[in-house]
file input26.cif (mmCIF, C-alpha atoms, pLDDT in the B column; chains and numbers go by the auth columns)
data_run
#
loop_
_atom_site.group_PDB
_atom_site.id
_atom_site.type_symbol
_atom_site.label_atom_id
_atom_site.label_comp_id
_atom_site.label_asym_id
_atom_site.label_seq_id
_atom_site.Cartn_x
_atom_site.Cartn_y
_atom_site.Cartn_z
_atom_site.B_iso_or_equiv
_atom_site.auth_seq_id
_atom_site.auth_asym_id
ATOM 1 C CA ASP A 1 32.083 26.797 3.190 65.00 1 F
ATOM 2 C CA ALA A 2 34.611 25.914 5.906 74.00 2 F
ATOM 3 C CA GLY A 3 34.769 22.270 4.908 93.00 3 F
ATOM 4 C CA VAL A 4 35.422 19.646 7.572 97.00 4 F
ATOM 5 C CA THR A 5 36.932 21.106 10.713 97.00 5 F
ATOM 6 C CA GLN A 6 38.596 19.171 13.512 98.00 6 F
ATOM 7 C CA SER A 7 39.778 20.243 16.925 97.00 7 F
ATOM 8 C CA PRO A 8 42.232 20.326 18.465 97.00 8 F
ATOM 9 C CA THR A 9 44.981 20.098 15.842 96.00 9 F
ATOM 10 C CA HIS A 10 47.535 18.650 18.238 97.00 10 F
ATOM 11 C CA LEU A 11 47.218 16.968 21.594 96.00 11 F
ATOM 12 C CA ILE A 12 49.591 15.320 24.048 98.00 12 F
ATOM 13 C CA LYS A 13 48.174 12.919 26.625 98.00 13 F
ATOM 14 C CA THR A 14 49.592 10.572 29.219 98.00 14 F
ATOM 15 C CA ARG A 15 49.110 6.819 29.057 98.00 15 F
ATOM 16 C CA GLY A 16 45.895 5.800 30.827 98.00 16 F
ATOM 17 C CA GLN A 17 44.162 9.123 30.294 98.00 17 F
ATOM 18 C CA GLN A 18 41.043 9.758 28.227 98.00 18 F
ATOM 19 C CA VAL A 19 40.749 12.034 25.207 98.00 19 F
ATOM 20 C CA THR A 20 37.909 13.602 23.196 98.00 20 F
ATOM 21 C CA LEU A 21 38.351 14.754 19.618 98.00 21 F
ATOM 22 C CA ARG A 22 35.785 16.850 17.774 98.00 22 F
ATOM 23 C CA CYS A 23 34.621 17.154 14.190 98.00 23 F
ATOM 24 C CA SER A 24 32.266 19.511 12.372 98.00 24 F
ATOM 25 C CA PRO A 25 31.178 18.152 9.001 97.00 25 F
ATOM 26 C CA LYS A 26 31.004 20.001 5.720 95.00 26 F
ATOM 27 C CA SER A 27 27.784 21.930 5.229 93.00 27 F
ATOM 28 C CA GLY A 28 25.065 19.671 3.859 90.00 28 F
ATOM 29 C CA HIS A 29 26.688 16.442 5.042 93.00 29 F
ATOM 30 C CA ASP A 30 24.930 14.167 7.516 93.00 30 F
ATOM 31 C CA THR A 31 27.394 11.280 7.833 94.00 31 F
ATOM 32 C CA VAL A 32 30.645 11.358 9.785 96.00 32 F
ATOM 33 C CA SER A 33 33.372 8.717 9.742 95.00 33 F
ATOM 34 C CA TRP A 34 36.521 8.511 11.845 97.00 34 F
ATOM 35 C CA TYR A 35 39.866 7.084 10.797 97.00 35 F
ATOM 36 C CA GLN A 36 43.142 6.419 12.585 97.00 36 F
ATOM 37 C CA GLN A 37 46.383 6.854 10.663 96.00 37 F
ATOM 38 C CA ALA A 38 49.599 5.572 12.189 94.00 38 F
ATOM 39 C CA LEU A 39 52.887 6.920 10.891 91.00 39 F
ATOM 40 C CA GLY A 40 53.673 5.557 7.425 89.00 40 F
ATOM 41 C CA GLN A 41 50.347 3.749 7.069 91.00 41 F
ATOM 42 C CA GLY A 42 47.106 4.439 5.263 92.00 42 F
ATOM 43 C CA PRO A 43 44.091 5.554 7.310 94.00 43 F
ATOM 44 C CA GLN A 44 42.176 2.776 9.103 95.00 44 F
ATOM 45 C CA PHE A 45 38.390 2.999 9.502 95.00 45 F
ATOM 46 C CA ILE A 46 37.222 3.284 13.117 97.00 46 F
ATOM 47 C CA PHE A 47 33.457 3.862 12.846 96.00 47 F
ATOM 48 C CA GLN A 48 30.742 5.831 11.122 94.00 48 F
ATOM 49 C CA TYR A 49 27.768 7.786 12.415 95.00 49 F
ATOM 50 C CA TYR A 50 24.600 9.012 10.866 92.00 50 F
ATOM 51 C CA GLU A 51 21.231 9.797 12.388 92.00 51 F
ATOM 52 C CA GLU A 52 23.100 9.973 15.697 95.00 52 F
ATOM 53 C CA GLU A 53 23.838 6.257 15.708 95.00 53 F
ATOM 54 C CA GLU A 54 26.940 4.185 15.070 94.00 54 F
ATOM 55 C CA ARG A 55 26.258 2.413 11.787 92.00 55 F
ATOM 56 C CA GLN A 56 29.515 0.669 10.967 91.00 56 F
ATOM 57 C CA ARG A 57 32.577 -0.182 13.009 94.00 57 F
ATOM 58 C CA GLY A 58 36.065 -1.227 12.093 94.00 58 F
ATOM 59 C CA ASN A 59 38.364 -3.501 14.054 95.00 59 F
ATOM 60 C CA PHE A 60 38.897 -1.226 17.065 97.00 60 F
ATOM 61 C CA PRO A 61 38.379 -2.049 20.754 97.00 61 F
ATOM 62 C CA ASP A 62 35.543 -0.683 22.874 97.00 62 F
ATOM 63 C CA ARG A 63 37.949 1.915 24.295 98.00 63 F
ATOM 64 C CA PHE A 64 37.092 3.820 21.127 98.00 64 F
ATOM 65 C CA SER A 65 33.618 5.304 21.240 97.00 65 F
ATOM 66 C CA GLY A 66 31.826 8.133 19.575 97.00 66 F
ATOM 67 C CA HIS A 67 28.823 10.319 19.428 97.00 67 F
ATOM 68 C CA GLN A 68 26.955 12.334 16.824 98.00 68 F
ATOM 69 C CA PHE A 69 24.899 15.379 17.743 97.00 69 F
ATOM 70 C CA PRO A 70 21.668 16.654 16.135 97.00 70 F
ATOM 71 C CA ASN A 71 23.679 19.215 14.152 96.00 71 F
ATOM 72 C CA TYR A 72 25.678 16.287 12.653 96.00 72 F
ATOM 73 C CA SER A 73 28.902 17.181 14.453 97.00 73 F
ATOM 74 C CA SER A 74 30.696 14.293 16.092 98.00 74 F
ATOM 75 C CA GLU A 75 33.097 13.350 18.863 98.00 75 F
ATOM 76 C CA LEU A 76 35.589 10.526 19.118 98.00 76 F
ATOM 77 C CA ASN A 77 36.454 9.364 22.624 98.00 77 F
ATOM 78 C CA VAL A 78 39.355 7.129 23.514 98.00 78 F
ATOM 79 C CA ASN A 79 39.660 5.750 27.053 98.00 79 F
ATOM 80 C CA ALA A 80 42.656 4.234 28.821 98.00 80 F
ATOM 81 C CA LEU A 81 45.113 5.588 26.282 98.00 81 F
ATOM 82 C CA LEU A 82 47.972 3.368 25.173 98.00 82 F
ATOM 83 C CA LEU A 83 51.239 4.436 23.576 98.00 83 F
ATOM 84 C CA GLY A 84 50.025 2.706 20.408 97.00 84 F
ATOM 85 C CA ASP A 85 47.088 5.090 20.153 98.00 85 F
ATOM 86 C CA SER A 86 49.497 7.801 19.042 98.00 86 F
ATOM 87 C CA ALA A 87 48.372 8.654 15.518 97.00 87 F
ATOM 88 C CA LEU A 88 46.698 11.174 13.251 97.00 88 F
ATOM 89 C CA TYR A 89 42.934 10.961 13.732 98.00 89 F
ATOM 90 C CA LEU A 90 40.930 11.942 10.702 98.00 90 F
ATOM 91 C CA CYS A 91 37.294 12.838 10.400 97.00 91 F
ATOM 92 C CA ALA A 92 35.502 12.493 7.071 96.00 92 F
ATOM 93 C CA SER A 93 32.042 13.761 6.237 95.00 93 F
ATOM 94 C CA SER A 94 29.732 12.757 3.440 92.00 94 F
ATOM 95 C CA SER A 95 26.135 12.830 2.398 89.00 95 F
ATOM 96 C CA ARG A 96 24.228 9.586 2.774 80.00 96 F
ATOM 97 C CA TRP A 97 23.074 9.981 -0.801 77.00 97 F
ATOM 98 C CA GLY A 98 26.277 11.383 -2.171 75.00 98 F
ATOM 99 C CA ALA A 99 29.490 9.767 -3.230 78.00 99 F
ATOM 100 C CA GLU A 100 32.795 11.253 -2.166 89.00 100 F
ATOM 101 C CA ALA A 101 33.784 11.996 1.408 92.00 101 F
ATOM 102 C CA PHE A 102 35.744 15.047 2.468 94.00 102 F
ATOM 103 C CA PHE A 103 38.413 14.800 5.146 96.00 103 F
ATOM 104 C CA GLY A 104 39.454 17.246 7.793 97.00 104 F
ATOM 105 C CA GLN A 105 43.090 18.086 8.500 96.00 105 F
ATOM 106 C CA GLY A 106 43.170 15.708 11.421 97.00 106 F
ATOM 107 C CA THR A 107 44.143 15.759 15.073 98.00 107 F
ATOM 108 C CA ARG A 108 47.666 14.614 15.873 97.00 108 F
ATOM 109 C CA LEU A 109 47.482 12.679 19.165 98.00 109 F
ATOM 110 C CA THR A 110 50.675 11.835 20.993 98.00 110 F
ATOM 111 C CA VAL A 111 50.495 9.519 24.008 98.00 111 F
ATOM 112 C CA VAL A 112 53.502 9.647 26.335 97.00 112 F
ATOM 113 C CA ASP B 1 35.370 -4.880 -0.271 59.00 1 W
ATOM 114 C CA ALA B 2 37.642 -5.194 -3.272 61.00 2 W
ATOM 115 C CA LYS B 3 41.342 -4.747 -2.642 87.00 3 W
ATOM 116 C CA THR B 4 43.664 -2.564 -4.675 93.00 4 W
ATOM 117 C CA THR B 5 47.333 -2.891 -5.585 94.00 5 W
ATOM 118 C CA GLN B 6 49.529 0.121 -6.294 96.00 6 W
ATOM 119 C CA PRO B 7 53.265 0.574 -6.801 96.00 7 W
ATOM 120 C CA PRO B 8 54.848 1.907 -3.607 96.00 8 W
ATOM 121 C CA SER B 9 56.604 4.826 -5.249 97.00 9 W
ATOM 122 C CA MET B 10 57.023 6.714 -8.526 97.00 10 W
ATOM 123 C CA ASP B 11 58.964 9.717 -9.764 97.00 11 W
ATOM 124 C CA CYS B 12 57.801 12.210 -12.381 97.00 12 W
ATOM 125 C CA ALA B 13 59.520 15.224 -13.936 97.00 13 W
ATOM 126 C CA GLU B 14 57.850 18.559 -13.345 97.00 14 W
ATOM 127 C CA GLY B 15 55.623 19.539 -16.273 97.00 15 W
ATOM 128 C CA ARG B 16 55.265 15.979 -17.509 97.00 16 W
ATOM 129 C CA ALA B 17 52.191 13.792 -17.151 97.00 17 W
ATOM 130 C CA ALA B 18 52.116 11.545 -14.095 98.00 18 W
ATOM 131 C CA ASN B 19 50.397 8.213 -14.719 98.00 19 W
ATOM 132 C CA LEU B 20 49.561 6.302 -11.537 98.00 20 W
ATOM 133 C CA PRO B 21 48.338 2.717 -12.031 97.00 21 W
ATOM 134 C CA CYS B 22 46.026 0.713 -9.800 96.00 22 W
ATOM 135 C CA ASN B 23 44.928 -2.914 -10.002 95.00 23 W
ATOM 136 C CA HIS B 24 41.523 -3.918 -8.628 93.00 24 W
ATOM 137 C CA SER B 25 40.885 -7.300 -10.205 92.00 25 W
ATOM 138 C CA THR B 26 38.162 -8.320 -7.703 90.00 26 W
ATOM 139 C CA ILE B 27 36.015 -5.216 -8.214 91.00 27 W
ATOM 140 C CA SER B 28 32.297 -5.923 -8.394 89.00 28 W
ATOM 141 C CA GLY B 29 29.849 -4.396 -10.821 87.00 29 W
ATOM 142 C CA ASN B 30 28.468 -1.755 -8.471 87.00 30 W
ATOM 143 C CA GLU B 31 31.754 -0.638 -6.944 90.00 31 W
ATOM 144 C CA TYR B 32 33.369 2.642 -7.901 92.00 32 W
ATOM 145 C CA VAL B 33 37.058 3.540 -8.166 94.00 33 W
ATOM 146 C CA TYR B 34 38.046 6.533 -6.033 94.00 34 W
ATOM 147 C CA TRP B 35 41.332 8.408 -5.912 96.00 35 W
ATOM 148 C CA TYR B 36 42.544 10.505 -3.016 97.00 36 W
ATOM 149 C CA ARG B 37 45.889 12.061 -2.278 97.00 37 W
ATOM 150 C CA GLN B 38 47.532 13.010 0.974 97.00 38 W
ATOM 151 C CA ILE B 39 50.146 15.695 1.186 95.00 39 W
ATOM 152 C CA HIS B 40 52.440 15.265 4.153 86.00 40 W
ATOM 153 C CA SER B 41 50.453 15.005 7.407 79.00 41 W
ATOM 154 C CA GLN B 42 47.343 16.652 5.962 91.00 42 W
ATOM 155 C CA GLY B 43 43.933 15.038 5.530 95.00 43 W
ATOM 156 C CA PRO B 44 43.340 13.058 2.328 96.00 44 W
ATOM 157 C CA GLN B 45 42.067 15.177 -0.548 96.00 45 W
ATOM 158 C CA TYR B 46 39.446 13.869 -2.952 95.00 46 W
ATOM 159 C CA ILE B 47 40.622 13.826 -6.578 97.00 47 W
ATOM 160 C CA ILE B 48 38.179 11.932 -8.761 96.00 48 W
ATOM 161 C CA HIS B 49 36.021 8.816 -8.962 94.00 49 W
ATOM 162 C CA GLY B 50 34.388 6.712 -11.666 94.00 50 W
ATOM 163 C CA LEU B 51 32.389 3.577 -12.345 93.00 51 W
ATOM 164 C CA LYS B 52 33.262 2.432 -15.860 91.00 52 W
ATOM 165 C CA ASN B 53 33.557 5.467 -18.098 85.00 53 W
ATOM 166 C CA ASN B 54 36.633 7.641 -18.222 94.00 54 W
ATOM 167 C CA GLU B 55 36.308 10.743 -16.108 96.00 55 W
ATOM 168 C CA THR B 56 38.033 14.127 -16.159 97.00 56 W
ATOM 169 C CA ASN B 57 37.904 17.100 -13.848 96.00 57 W
ATOM 170 C CA GLU B 58 40.060 20.134 -13.176 95.00 58 W
ATOM 171 C CA MET B 59 42.576 18.084 -11.214 95.00 59 W
ATOM 172 C CA ALA B 60 43.008 14.853 -13.135 97.00 60 W
ATOM 173 C CA SER B 61 41.731 12.213 -15.521 98.00 61 W
ATOM 174 C CA LEU B 62 40.711 8.683 -14.601 98.00 62 W
ATOM 175 C CA ILE B 63 41.014 5.920 -17.158 97.00 63 W
ATOM 176 C CA ILE B 64 39.271 2.633 -16.278 96.00 64 W
ATOM 177 C CA THR B 65 39.897 -0.432 -18.426 96.00 65 W
ATOM 178 C CA GLU B 66 36.946 -2.034 -20.161 94.00 66 W
ATOM 179 C CA ASP B 67 37.034 -5.060 -17.850 94.00 67 W
ATOM 180 C CA ARG B 68 37.310 -2.670 -14.869 95.00 68 W
ATOM 181 C CA LYS B 69 40.150 -4.653 -13.352 94.00 69 W
ATOM 182 C CA SER B 70 42.572 -1.749 -13.424 95.00 70 W
ATOM 183 C CA SER B 71 42.668 2.007 -13.715 96.00 71 W
ATOM 184 C CA THR B 72 45.127 4.864 -14.197 97.00 72 W
ATOM 185 C CA LEU B 73 45.063 8.287 -12.630 98.00 73 W
ATOM 186 C CA ILE B 74 46.608 10.918 -14.884 98.00 74 W
ATOM 187 C CA LEU B 75 47.901 14.260 -13.661 97.00 75 W
ATOM 188 C CA PRO B 76 48.426 15.995 -17.015 96.00 76 W
ATOM 189 C CA HIS B 77 51.119 18.507 -16.039 95.00 77 W
ATOM 190 C CA ALA B 78 52.644 17.550 -12.699 97.00 78 W
ATOM 191 C CA THR B 79 53.963 20.300 -10.457 97.00 79 W
ATOM 192 C CA LEU B 80 56.067 20.130 -7.298 97.00 80 W
ATOM 193 C CA ARG B 81 52.854 20.615 -5.287 95.00 81 W
ATOM 194 C CA ASP B 82 51.564 17.292 -6.629 97.00 82 W
ATOM 195 C CA THR B 83 54.168 15.449 -4.557 97.00 83 W
ATOM 196 C CA ALA B 84 52.014 13.304 -2.248 97.00 84 W
ATOM 197 C CA VAL B 85 50.812 9.798 -1.448 97.00 85 W
ATOM 198 C CA TYR B 86 48.060 8.764 -3.858 98.00 86 W
ATOM 199 C CA TYR B 87 45.444 6.230 -2.757 97.00 87 W
ATOM 200 C CA CYS B 88 43.281 4.176 -5.084 96.00 88 W
ATOM 201 C CA ILE B 89 40.158 2.878 -3.309 93.00 89 W
ATOM 202 C CA VAL B 90 37.272 0.710 -4.445 91.00 90 W
ATOM 203 C CA LYS B 91 33.950 1.112 -2.718 88.00 91 W
ATOM 204 C CA MET B 92 30.243 1.390 -3.203 76.00 92 W
ATOM 205 C CA GLY B 93 29.020 4.752 -4.425 67.00 93 W
ATOM 206 C CA SER B 94 26.920 5.792 -1.435 73.00 94 W
ATOM 207 C CA GLY B 95 28.330 8.101 1.193 70.00 95 W
ATOM 208 C CA THR B 96 27.575 5.568 3.903 74.00 96 W
ATOM 209 C CA TYR B 97 30.188 3.095 2.720 82.00 97 W
ATOM 210 C CA LYS B 98 33.595 3.114 4.333 86.00 98 W
ATOM 211 C CA TYR B 99 36.929 3.616 2.604 89.00 99 W
ATOM 212 C CA ILE B 100 39.550 0.905 2.890 89.00 100 W
ATOM 213 C CA PHE B 101 42.928 2.493 2.314 90.00 101 W
ATOM 214 C CA GLY B 102 46.006 0.588 1.238 87.00 102 W
ATOM 215 C CA THR B 103 49.510 1.985 1.490 86.00 103 W
ATOM 216 C CA GLY B 104 49.178 4.032 -1.718 95.00 104 W
ATOM 217 C CA THR B 105 51.790 5.294 -4.192 97.00 105 W
ATOM 218 C CA ARG B 106 54.262 7.893 -3.033 97.00 106 W
ATOM 219 C CA LEU B 107 54.666 10.247 -6.016 98.00 107 W
ATOM 220 C CA LYS B 108 57.664 12.520 -6.061 98.00 108 W
ATOM 221 C CA VAL B 109 57.660 15.280 -8.673 97.00 109 W
ATOM 222 C CA LEU B 110 61.205 16.278 -9.554 97.00 110 W
ATOM 223 C CA ALA B 111 62.285 19.780 -10.582 94.00 111 W
#
call {"tool": "encode", "arguments": {"input": "input26.cif", "output": "structure tokens"}}
result
Amino acid sequence: DAGVTQSPTHLIKTRGQQVTLRCSPKSGHDTVSWYQQALGQGPQFIFQYYEEEERQRGNFPDRFSGHQFPNYSSELNVNALLLGDSALYLCASSSRWGAEAFFGQGTRLTVV
Amino acid sequence: DAKTTQPPSMDCAEGRAANLPCNHSTISGNEYVYWYRQIHSQGPQYIIHGLKNNETNEMASLIITEDRKSSTLILPHATLRDTAVYYCIVKMGSGTYKYIFGTGTRLKVLA
């Protein structure tokens, strides 16, 4: 079992550009959540998807959007990148009926 | 969602037990206590969770007080590889509930 996989691992973008991050959940998991972790802070919840719909959303602007595919994988899109979007983006997968979530290793996004 | 309070940092000698406290005085009856740890710049790693009974697995033990207002994560024989930030989180048990992370406890295991 490969666990939760995220791609790419590192990314450098220019302010104003758009970025797409990808996540494949752990086998058997149908729920994917995304978190943003700024340097020195705990992860902050962005949103959660299951059954291909956004089910919960944290306090993030509409520039942050996502998608879940029929195979449960997910994408996080960020438009009009700001310098403050530089962070580690974490994907977590879980089962709707289970308890603990498992996190991927994250994508380190740097906006210059 | 109930909030948690943890000390910002702790040191522990290698080979000794590391006891990490967490206060969650506003926890509700159907909320669980979860512990994760994050080793530098990696994704958080699940350690253990519990509702009201003490729990033990291959990584750690979780002791929850009878009133459920606080808990302690115990790493029985800390090693240098246990150096990490440890997060105590309170949430509902279903996988559809979000985690609210605080700033955690930075544990340094000393040789």
call {"tool": "interface_residues", "arguments": {"input": "input26.cif", "of": "chain F", "to": "chain W", "cutoff": "9 Å", "atoms": "all atoms listed in the file", "output": "VMD selection string"}}
result
chain F and resid 31 to 33 40 to 45 47 to 50 55 to 56 88 90 to 106 108
call {"tool": "resolve_selection", "arguments": {"input": "input26.cif", "expression": "the PyMOL selection byres ((chain F and resi 74-82) around 9)", "output": "compact mmCIF listing (two decimals) with C-alpha atoms, in the coordinates of the input"}}
result
# COMPACT_ATOMS: atom_id res chain seq x y z
CA LYS F 13 48.17 12.92 26.62
CA THR F 14 49.59 10.57 29.22
CA ARG F 15 49.11 6.82 29.06
CA GLY F 16 45.90 5.80 30.83
CA GLN F 17 44.16 9.12 30.29
CA GLN F 18 41.04 9.76 28.23
CA VAL F 19 40.75 12.03 25.21
CA THR F 20 37.91 13.60 23.20
CA LEU F 21 38.35 14.75 19.62
CA ARG F 22 35.78 16.85 17.77
CA CYS F 23 34.62 17.15 14.19
CA SER F 24 32.27 19.51 12.37
CA PRO F 25 31.18 18.15 9.00
CA VAL F 32 30.64 11.36 9.78
CA SER F 33 33.37 8.72 9.74
CA TRP F 34 36.52 8.51 11.84
CA TYR F 49 27.77 7.79 12.42
CA GLU F 52 23.10 9.97 15.70
CA ASP F 62 35.54 -0.68 22.87
CA ARG F 63 37.95 1.92 24.30
CA PHE F 64 37.09 3.82 21.13
CA SER F 65 33.62 5.30 21.24
CA GLY F 66 31.83 8.13 19.58
CA HIS F 67 28.82 10.32 19.43
CA GLN F 68 26.96 12.33 16.82
CA PHE F 69 24.90 15.38 17.74
CA ASN F 71 23.68 19.22 14.15
CA TYR F 72 25.68 16.29 12.65
CA SER F 73 28.90 17.18 14.45
CA LEU F 83 51.24 4.44 23.58
CA GLY F 84 50.02 2.71 20.41
CA ASP F 85 47.09 5.09 20.15
CA SER F 86 49.50 7.80 19.04
CA CYS F 91 37.29 12.84 10.40
CA VAL F 111 50.50 9.52 24.01
CA VAL F 112 53.50 9.65 26.34
call {"tool": "residues_near_point", "arguments": {"input": "input26.cif", "point": "(44.3, 16.5, -12.5)", "cutoff": "7 Å", "atoms": "only C-alpha atoms", "output": "number ranges by chain"}}
result
W: 57-61, 74-76
call {"tool": "atom_distance", "arguments": {"input": "input26.cif", "atom1": "atom CA of Pro7 of chain W", "atom2": "atom CA of Val33 of chain W"}}
result
16.5 Å
call {"tool": "closest_residue", "arguments": {"input": "input26.cif", "among": "W:Arg16, W:His40, W:Lys108, W:Lys69", "to": "Val90 of chain W", "atoms": "only C-alpha atoms"}}
result
W:Lys69
call {"tool": "resolve_selection", "arguments": {"input": "input26.cif", "expression": "the PyMOL selection byres ((chain W and resi 107) around 8)", "output": "list in words"}}
result
Ser9, Met10, Asp11, Cys12, Asp82, Thr83, Ala84, Val85, Tyr86, Thr105, Arg106, Lys108 and Val109 of chain W
call {"tool": "atom_distance", "arguments": {"input": "input26.cif", "atom1": "atom CA of Ser71 of chain W", "atom2": "atom CA of Pro8 of chain W"}}
result
15.8 Å
call {"tool": "atom_distance", "arguments": {"input": "input26.cif", "atom1": "atom CA of Ser28 of chain W", "atom2": "atom CA of Thr4 of chain W"}}
result
12.4 Å
call {"tool": "closest_residue", "arguments": {"input": "input26.cif", "among": "W:Ala13, W:Lys3, W:His24, W:Ala18", "to": "Ser70 of chain W", "atoms": "only C-alpha atoms"}}
result
W:His24
call {"tool": "axis_aligned_box", "arguments": {"input": "input26.cif", "around": "segment 73-77 of chain F", "padding_each_side": "4 Å", "output": "AutoDock Vina command-line options"}}
result
--center_x 32.7 --center_y 13.3 --center_z 18.5 --size_x 15.6 --size_y 15.8 --size_z 16.2
call {"tool": "residues_around", "arguments": {"input": "input26.cif", "residues": "Leu73 of chain W", "least_positions_apart": "4", "cutoff": "7 Å", "atoms": "all atoms listed in the file", "output": "PDB file with C-alpha atoms, in the frame of the given file"}}
result
ATOM      1  CA  ASN W  19      50.397   8.213 -14.719  1.00 98.00           C
ATOM      2  CA  LEU W  20      49.561   6.302 -11.537  1.00 98.00           C
ATOM      3  CA  PRO W  21      48.338   2.717 -12.031  1.00 97.00           C
ATOM      4  CA  ALA W  60      43.008  14.853 -13.135  1.00 97.00           C
ATOM      5  CA  SER W  61      41.731  12.213 -15.521  1.00 98.00           C
ATOM      6  CA  LEU W  62      40.711   8.683 -14.601  1.00 98.00           C
ATOM      7  CA  ILE W  63      41.014   5.920 -17.158  1.00 97.00           C
TER       8      ILE W  63
END
